[in-house]
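Each remark here refers to the structure printed beneath this line.
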Amino acid sequence: MSTINEVVKTELHCHLDGSVSIELIQQLAREQHVSINLEDIQVDQNCESLDDYLKSFDTILKVLQTKDSLEKAVVDVAQQAHHDNIKYIEIRFAPLFHTDKGLNIEEILEAVNNGAIEAEDTYDIKVNLLICGMRHHDNQTNIELFKSVDQLNTTNRHIVGFDFAGPEEAFPTKVIQEAIQHSTDSGHHLTLHAGECGCIHNIIEGIELGARRIGHGVAAIQDNQALSYIKQHNALLEICPTSNLQTKAIQSVEELNIRKLIEQGIPFNINTDNRTVSNTNLNKEYQLLYNHQLLTIPEMKDINIKAIDHAFISDIEKEQLKTKY
C-alpha cells in the first residue's frame, strides 16, 4: 500500500510569505541586517482568531522587500512542495506588501517569475502564481494593481489568476464587488478567501461574481443548501485543516465534514495555507485527516487528480499534468 508521501499531490492554496522556511527567513535577516523575532512567525493552538493569525506576516514581510529575497522565496516554497511530492502548485502573494523598500510592481513580478522558472528547472514540479488583492484595500487600489499585472504579464506565463485575501468579516464580498467584477470581466481566473468567519453569504456572492474556487469555505460545509450551490457551480473548496483549527474557523477537524463532501461529490482539495506560520506541510495535513479516519490513501490519490481540473491552466496542460499522477 502507498504511503502518504508517495501520493502525488496538487496544492492550490499556499501563501508565499506565510510559507517561506525559517531557515531562509534567518538567512535573509542576516544578509539584510534586519532584526527578526522568530517567536512572532509561527502560531499554535493558542492563536485566538484570524486577525491574531495574520499578525505573523508583519514580521516575515520585513525580509521580503528585495528582488533577490522574492526570487529565493519562490524557490524555497517550491522545494518544500517537492518534498511533499507535489507536482503542481499555485503560490499566491500580495505584490503591494513587497513595496516597502522601493520595489515597483514590475520588479516584483519579474522576481517571482524568475523564482518560478528556477524552481521548475531544479525540481520536478510545475509552479504557477496567483496575485492577491486585499479585502481591506479600496476597490480602486485593487483594480489598479490588476491592471498593472495585465500590462506587465505579457511574457510572464507563471501568473495565472487573482485572489482576494485579508480580513473577511470587516470587508465582506459586497464591499469588494467592483474589484472582483473587474477581474472576472477581464477574463481572469479567480479564487477568493471566503467563509472563514462563518459568513456563508461571502462564499455564495463570490461564486455569483465569477469565483471558480473558494479559499477555505468552511462556513458552507455544514449547510446543505450552500453545498448544493457550490456543487451546481462546480466551484472547488480549497480546504486548509491546520490553519482553520488555528484561526478558530473550526473547533475540530471533524467539522470539515470530509466524508460528506466525498459522498456528495463536492469539489475540494487539501492545502497548507501557510506552511511556516502554521508549522505544517501537505503530508502533515493528509496525515491529520488520515489519523481521524476522514480520508483513505486511495481517496487522497483521487482528490489530487480531480484538483487538477480546477487548476488555473489550459486543458492541454491539465492532461499533460495528469500523466504524472
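Residues are referred to by chain and number: the chain letter is A, B, ... according to the order shown in the C-alpha cells, the number counts from 1 in that chain, and ligands are numbered separately from 1 in the order shown.
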Show me, as a Markdown table, the residues of segment 88-165 of chain A having an atom within 10 Å of segment 207-218 of chain A, each with the closest atom pair and its distance in Å, using only C-alpha atoms.
| residue | atom | partner | partner_atom | distance |
| --- | --- | --- | --- | --- |
| A:Phe162 | CA | A:Ala211 | CA | 9.5 |
| A:Asp163 | CA | A:Gly215 | CA | 8.8 |
| A:Phe164 | CA | A:Gly215 | CA | 9.1 |
| A:Ala165 | CA | A:Gly215 | CA | 8.7 |
Show me, as a VMD selection string, the residues that have an atom within 9 Å of Ala170 of chain A when counting only C-alpha atoms, minus same-chain residues fewer than 2 positions from it. chain A and resid 135 to 136 167 to 168 172
Could you please take those selected residues and save N, CA and C atoms as an mmCIF file, in the first residue's frame?
data_model
loop_
_atom_site.group_PDB
_atom_site.id
_atom_site.type_symbol
_atom_site.label_atom_id
_atom_site.label_comp_id
_atom_site.auth_asym_id
_atom_site.auth_seq_id
_atom_site.Cartn_x
_atom_site.Cartn_y
_atom_site.Cartn_z
ATOM 1 N N ARG A 135 -8.782 42.532 0.759
ATOM 2 C CA ARG A 135 -10.141 42.962 1.076
ATOM 3 C C ARG A 135 -10.158 44.355 1.713
ATOM 4 N N HIS A 136 -9.138 44.676 2.508
ATOM 5 C CA HIS A 136 -9.170 45.957 3.218
ATOM 6 C C HIS A 136 -8.591 47.107 2.398
ATOM 7 N N PRO A 167 -8.796 40.472 5.995
ATOM 8 C CA PRO A 167 -9.868 40.385 6.999
ATOM 9 C C PRO A 167 -11.252 40.342 6.350
ATOM 10 N N GLU A 168 -11.881 39.184 6.439
ATOM 11 C CA GLU A 168 -13.138 38.950 5.710
ATOM 12 C C GLU A 168 -14.354 39.562 6.401
ATOM 13 N N PRO A 172 -16.676 42.368 3.779
ATOM 14 C CA PRO A 172 -17.369 41.270 3.099
ATOM 15 C C PRO A 172 -17.302 41.394 1.579
#
Running DSSP on the backbone, which parts of segment 76-227 of chain A land in helix (DSSP H, G or I), as a PyMOL selection string? chain A and resi 76-83+95-98+105-122+139-152+173-185+200-208+218-220+224-227
Write the residues you've just listed into a file as a compact mmCIF listing (two decimals), in the first residue's frame, and include C-alpha atoms for each of them.
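In the end it all went to again32.txt:
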# COMPACT_ATOMS: atom_id res chain seq x y z
CA ASP A 76 12.25 27.80 -1.24
CA VAL A 77 8.49 27.14 -1.16
CA ALA A 78 8.71 25.03 -4.33
CA GLN A 79 11.47 22.96 -2.73
CA GLN A 80 9.25 22.29 0.29
CA ALA A 81 6.39 21.35 -2.03
CA HIS A 82 8.69 19.00 -3.95
CA HIS A 83 9.47 17.18 -0.68
CA PRO A 95 2.55 42.42 -4.54
CA LEU A 96 1.58 45.59 -2.63
CA PHE A 97 3.06 44.07 0.55
CA HIS A 98 6.52 43.97 -1.05
CA ILE A 105 5.20 46.04 -9.39
CA GLU A 106 7.27 45.24 -12.49
CA GLU A 107 10.33 44.36 -10.39
CA ILE A 108 8.23 42.26 -8.01
CA LEU A 109 6.62 40.28 -10.84
CA GLU A 110 9.98 39.75 -12.52
CA ALA A 111 11.45 38.40 -9.29
CA VAL A 112 8.69 35.86 -8.56
CA ASN A 113 8.62 34.80 -12.21
CA ASN A 114 12.38 34.18 -12.14
CA GLY A 115 11.89 32.18 -8.96
CA ALA A 116 9.23 30.02 -10.62
CA ILE A 117 11.48 29.38 -13.62
CA GLU A 118 14.40 28.41 -11.38
CA ALA A 119 12.18 26.15 -9.27
CA GLU A 120 10.90 24.31 -12.34
CA ASP A 121 14.45 23.92 -13.64
CA THR A 122 15.57 22.48 -10.30
CA ASN A 139 -11.57 48.82 -4.92
CA GLN A 140 -9.56 51.30 -6.98
CA THR A 141 -6.27 50.17 -5.39
CA ASN A 142 -7.02 46.55 -6.26
CA ILE A 143 -8.19 47.41 -9.77
CA GLU A 144 -5.02 49.44 -10.45
CA LEU A 145 -2.93 46.51 -9.21
CA PHE A 146 -4.73 44.07 -11.52
CA LYS A 147 -4.37 46.47 -14.46
CA SER A 148 -0.63 46.75 -13.79
CA VAL A 149 -0.30 42.97 -13.69
CA ASP A 150 -2.17 42.70 -17.01
CA GLN A 151 0.11 45.24 -18.68
CA LEU A 152 3.26 43.56 -17.39
CA THR A 173 -17.60 40.27 -0.55
CA LYS A 174 -20.12 43.03 -1.36
CA VAL A 175 -17.56 45.68 -0.34
CA ILE A 176 -15.02 44.42 -2.90
CA GLN A 177 -17.57 43.62 -5.59
CA GLU A 178 -16.28 46.27 -8.02
CA ALA A 179 -12.72 44.88 -7.95
CA ILE A 180 -13.97 41.28 -8.24
CA GLN A 181 -16.11 42.28 -11.21
CA HIS A 182 -13.11 43.91 -12.86
CA SER A 183 -11.01 40.76 -12.55
CA THR A 184 -13.68 38.41 -13.92
CA ASP A 185 -14.80 40.84 -16.66
CA ILE A 200 -21.84 31.78 4.04
CA HIS A 201 -23.08 34.78 2.06
CA ASN A 202 -19.47 35.75 1.21
CA ILE A 203 -18.99 32.36 -0.46
CA ILE A 204 -22.23 32.47 -2.45
CA GLU A 205 -21.68 36.08 -3.55
CA GLY A 206 -18.11 35.27 -4.59
CA ILE A 207 -19.28 32.40 -6.81
CA GLU A 208 -22.09 34.57 -8.21
CA VAL A 218 -15.63 26.21 5.86
CA ALA A 219 -18.84 28.12 6.67
CA ALA A 220 -20.60 26.26 3.86
CA ASN A 224 -26.73 21.59 2.65
CA GLN A 225 -28.13 24.45 0.59
CA ALA A 226 -24.71 26.11 0.27
CA LEU A 227 -23.03 22.80 -0.63
As a ChimeraX atom specification, please: all residues of segment 18-159 of chain A that backbone DSSP puts in strand (DSSP E or B). /A:86-93,126-134,159
Can you write out the residues you just picked, keeping N, CA, C and O atoms, as a PDB file, in the first residue's frame?
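Once everything was written out, this is part_13.pdb:
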ATOM      1  N   ILE A  86       4.511  17.067  -4.374  1.00  0.00           N
ATOM      2  CA  ILE A  86       3.567  17.906  -5.124  1.00  0.00           C
ATOM      3  C   ILE A  86       4.125  18.102  -6.535  1.00  0.00           C
ATOM      4  O   ILE A  86       5.284  18.471  -6.712  1.00  0.00           O
ATOM      5  N   LYS A  87       3.279  17.860  -7.544  1.00  0.00           N
ATOM      6  CA  LYS A  87       3.697  18.053  -8.934  1.00  0.00           C
ATOM      7  C   LYS A  87       3.167  19.350  -9.523  1.00  0.00           C
ATOM      8  O   LYS A  87       3.648  19.820 -10.542  1.00  0.00           O
ATOM      9  N   TYR A  88       2.146  19.918  -8.873  1.00  0.00           N
ATOM     10  CA  TYR A  88       1.616  21.198  -9.333  1.00  0.00           C
ATOM     11  C   TYR A  88       1.243  22.040  -8.124  1.00  0.00           C
ATOM     12  O   TYR A  88       0.527  21.580  -7.227  1.00  0.00           O
ATOM     13  N   ILE A  89       1.724  23.290  -8.107  1.00  0.00           N
ATOM     14  CA  ILE A  89       1.401  24.199  -7.010  1.00  0.00           C
ATOM     15  C   ILE A  89       1.109  25.590  -7.557  1.00  0.00           C
ATOM     16  O   ILE A  89       1.757  26.057  -8.500  1.00  0.00           O
ATOM     17  N   GLU A  90       0.095  26.235  -6.976  1.00  0.00           N
ATOM     18  CA  GLU A  90      -0.153  27.645  -7.224  1.00  0.00           C
ATOM     19  C   GLU A  90       0.169  28.397  -5.939  1.00  0.00           C
ATOM     20  O   GLU A  90      -0.460  28.166  -4.901  1.00  0.00           O
ATOM     21  N   ILE A  91       1.171  29.266  -6.021  1.00  0.00           N
ATOM     22  CA  ILE A  91       1.625  30.038  -4.867  1.00  0.00           C
ATOM     23  C   ILE A  91       1.055  31.449  -4.999  1.00  0.00           C
ATOM     24  O   ILE A  91       1.238  32.100  -6.023  1.00  0.00           O
ATOM     25  N   ARG A  92       0.392  31.926  -3.955  1.00  0.00           N
ATOM     26  CA  ARG A  92      -0.232  33.249  -4.042  1.00  0.00           C
ATOM     27  C   ARG A  92       0.512  34.268  -3.182  1.00  0.00           C
ATOM     28  O   ARG A  92       1.103  33.913  -2.160  1.00  0.00           O
ATOM     29  N   PHE A  93       0.459  35.507  -3.620  1.00  0.00           N
ATOM     30  CA  PHE A  93       1.130  36.570  -2.864  1.00  0.00           C
ATOM     31  C   PHE A  93       0.510  37.912  -3.218  1.00  0.00           C
ATOM     32  O   PHE A  93      -0.134  38.062  -4.257  1.00  0.00           O
ATOM     33  N   LYS A 126       5.576  21.805 -11.347  1.00  0.00           N
ATOM     34  CA  LYS A 126       5.075  22.937 -12.112  1.00  0.00           C
ATOM     35  C   LYS A 126       4.622  24.001 -11.122  1.00  0.00           C
ATOM     36  O   LYS A 126       3.821  23.736 -10.223  1.00  0.00           O
ATOM     37  N   VAL A 127       5.160  25.223 -11.262  1.00  0.00           N
ATOM     38  CA  VAL A 127       4.882  26.318 -10.321  1.00  0.00           C
ATOM     39  C   VAL A 127       4.156  27.451 -11.038  1.00  0.00           C
ATOM     40  O   VAL A 127       4.663  27.993 -12.024  1.00  0.00           O
ATOM     41  N   ASN A 128       2.986  27.793 -10.556  1.00  0.00           N
ATOM     42  CA  ASN A 128       2.287  28.978 -11.039  1.00  0.00           C
ATOM     43  C   ASN A 128       2.001  29.916  -9.870  1.00  0.00           C
ATOM     44  O   ASN A 128       2.134  29.537  -8.710  1.00  0.00           O
ATOM     45  N   LEU A 129       1.603  31.148 -10.204  1.00  0.00           N
ATOM     46  CA  LEU A 129       1.456  32.196  -9.196  1.00  0.00           C
ATOM     47  C   LEU A 129       0.090  32.861  -9.298  1.00  0.00           C
ATOM     48  O   LEU A 129      -0.453  33.037 -10.396  1.00  0.00           O
ATOM     49  N   LEU A 130      -0.445  33.229  -8.143  1.00  0.00           N
ATOM     50  CA  LEU A 130      -1.701  33.981  -8.072  1.00  0.00           C
ATOM     51  C   LEU A 130      -1.440  35.326  -7.412  1.00  0.00           C
ATOM     52  O   LEU A 130      -0.677  35.417  -6.452  1.00  0.00           O
ATOM     53  N   ILE A 131      -2.074  36.363  -7.925  1.00  0.00           N
ATOM     54  CA  ILE A 131      -1.936  37.717  -7.385  1.00  0.00           C
ATOM     55  C   ILE A 131      -3.073  37.981  -6.404  1.00  0.00           C
ATOM     56  O   ILE A 131      -4.249  37.855  -6.756  1.00  0.00           O
ATOM     57  N   CYS A 132      -2.732  38.367  -5.183  1.00  0.00           N
ATOM     58  CA  CYS A 132      -3.748  38.673  -4.170  1.00  0.00           C
ATOM     59  C   CYS A 132      -4.051  40.165  -4.130  1.00  0.00           C
ATOM     60  O   CYS A 132      -3.154  40.980  -3.873  1.00  0.00           O
ATOM     61  N   GLY A 133      -5.318  40.502  -4.362  1.00  0.00           N
ATOM     62  CA  GLY A 133      -5.810  41.791  -3.933  1.00  0.00           C
ATOM     63  C   GLY A 133      -6.205  41.646  -2.474  1.00  0.00           C
ATOM     64  O   GLY A 133      -6.400  40.537  -1.988  1.00  0.00           O
ATOM     65  N   MET A 134      -6.317  42.744  -1.755  1.00  0.00           N
ATOM     66  CA  MET A 134      -6.635  42.673  -0.328  1.00  0.00           C
ATOM     67  C   MET A 134      -8.023  43.236  -0.063  1.00  0.00           C
ATOM     68  O   MET A 134      -8.378  44.302  -0.570  1.00  0.00           O
ATOM     69  N   ILE A 159       1.970  33.727 -13.934  1.00  0.00           N
ATOM     70  CA  ILE A 159       0.845  34.329 -13.203  1.00  0.00           C
ATOM     71  C   ILE A 159      -0.444  33.917 -13.907  1.00  0.00           C
ATOM     72  O   ILE A 159      -0.671  34.251 -15.058  1.00  0.00           O
TER      73      ILE A 159
END
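Of the listed residues A:Glu11, A:Glu48, A:Asp84, A:Glu317, the one whose atoms come nearest to Lys284 of chain A is A:Asp84, with distances taken using only C-alpha atoms.
Neighbours of Lys248 of chain A closer than or equal to 12 Å, with only C-alpha atoms counted and sequence neighbours fewer than 2 positions away skipped, come out as Asp44, Gln45, Asn46, Cys47, Glu48, Ser49, Leu50, Asp51, Asp52, Tyr53, Glu196, Cys197, Gly198, Val218, Ala219, Pro241, Thr242, Ser243, Asn244, Leu245, Gln246, Ile250, Gln251, Ser252, Val253 and Glu255 of chain A.
With only C-alpha atoms as the basis for measurement, A:Leu289 is the residue among A:Ile262, A:Leu289, A:Val74, A:Leu16 that approaches Ile4 of chain A most closely.
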Can you pull out every residue within 9 Å of Lys301 of chain A, counting only C-alpha atoms, but drop anything in the same chain fewer than 4 positions away, and send it as JSON, numbers by chain? {"A": [7, 8, 9, 296, 297, 305, 306, 325]}
Take the selection from the previous step and output its residues with N, CA, C and O atoms, as a PDB file, in the first residue's frame.
ATOM      1  N   VAL A   7       1.838   9.544  -2.348  1.00  0.00           N
ATOM      2  CA  VAL A   7       0.697  10.079  -3.098  1.00  0.00           C
ATOM      3  C   VAL A   7       1.142  11.353  -3.824  1.00  0.00           C
ATOM      4  O   VAL A   7       1.657  12.283  -3.206  1.00  0.00           O
ATOM      5  N   VAL A   8       0.952  11.382  -5.130  1.00  0.00           N
ATOM      6  CA  VAL A   8       1.303  12.577  -5.913  1.00  0.00           C
ATOM      7  C   VAL A   8       0.233  13.642  -5.652  1.00  0.00           C
ATOM      8  O   VAL A   8      -0.963  13.364  -5.705  1.00  0.00           O
ATOM      9  N   LYS A   9       0.692  14.862  -5.366  1.00  0.00           N
ATOM     10  CA  LYS A   9      -0.242  15.865  -4.841  1.00  0.00           C
ATOM     11  C   LYS A   9      -0.336  17.130  -5.701  1.00  0.00           C
ATOM     12  O   LYS A   9       0.574  17.461  -6.463  1.00  0.00           O
ATOM     13  N   THR A 296      -8.986   8.013   3.172  1.00  0.00           N
ATOM     14  CA  THR A 296      -8.135   6.844   2.906  1.00  0.00           C
ATOM     15  C   THR A 296      -7.065   7.242   1.895  1.00  0.00           C
ATOM     16  O   THR A 296      -7.195   8.271   1.213  1.00  0.00           O
ATOM     17  N   ILE A 297      -6.044   6.422   1.771  1.00  0.00           N
ATOM     18  CA  ILE A 297      -4.980   6.706   0.782  1.00  0.00           C
ATOM     19  C   ILE A 297      -5.545   6.732  -0.642  1.00  0.00           C
ATOM     20  O   ILE A 297      -5.244   7.675  -1.401  1.00  0.00           O
ATOM     21  N   ILE A 305      -5.905  14.148  -8.133  1.00  0.00           N
ATOM     22  CA  ILE A 305      -6.096  14.113  -9.586  1.00  0.00           C
ATOM     23  C   ILE A 305      -7.251  15.032  -9.983  1.00  0.00           C
ATOM     24  O   ILE A 305      -7.147  15.820 -10.927  1.00  0.00           O
ATOM     25  N   LYS A 306      -8.362  14.942  -9.240  1.00  0.00           N
ATOM     26  CA  LYS A 306      -9.530  15.785  -9.551  1.00  0.00           C
ATOM     27  C   LYS A 306      -9.220  17.267  -9.382  1.00  0.00           C
ATOM     28  O   LYS A 306      -9.783  18.119 -10.091  1.00  0.00           O
ATOM     29  N   TYR A 325       0.483  11.565 -12.502  1.00  0.00           N
ATOM     30  CA  TYR A 325      -0.252  11.031 -11.377  1.00  0.00           C
ATOM     31  C   TYR A 325      -0.599   9.556 -11.596  1.00  0.00           C
ATOM     32  O   TYR A 325      -1.375   8.972 -10.899  1.00  0.00           O
TER      33      TYR A 325
END
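The spacing separating atom CA of Asn269 of chain A from atom CA of Gln293 of chain A amounts to 16.5 Å.
Our summary of the geometry notes that atom CA of Gln42 of chain A is positioned 22.4 Å from atom CA of Asp100 of chain A.
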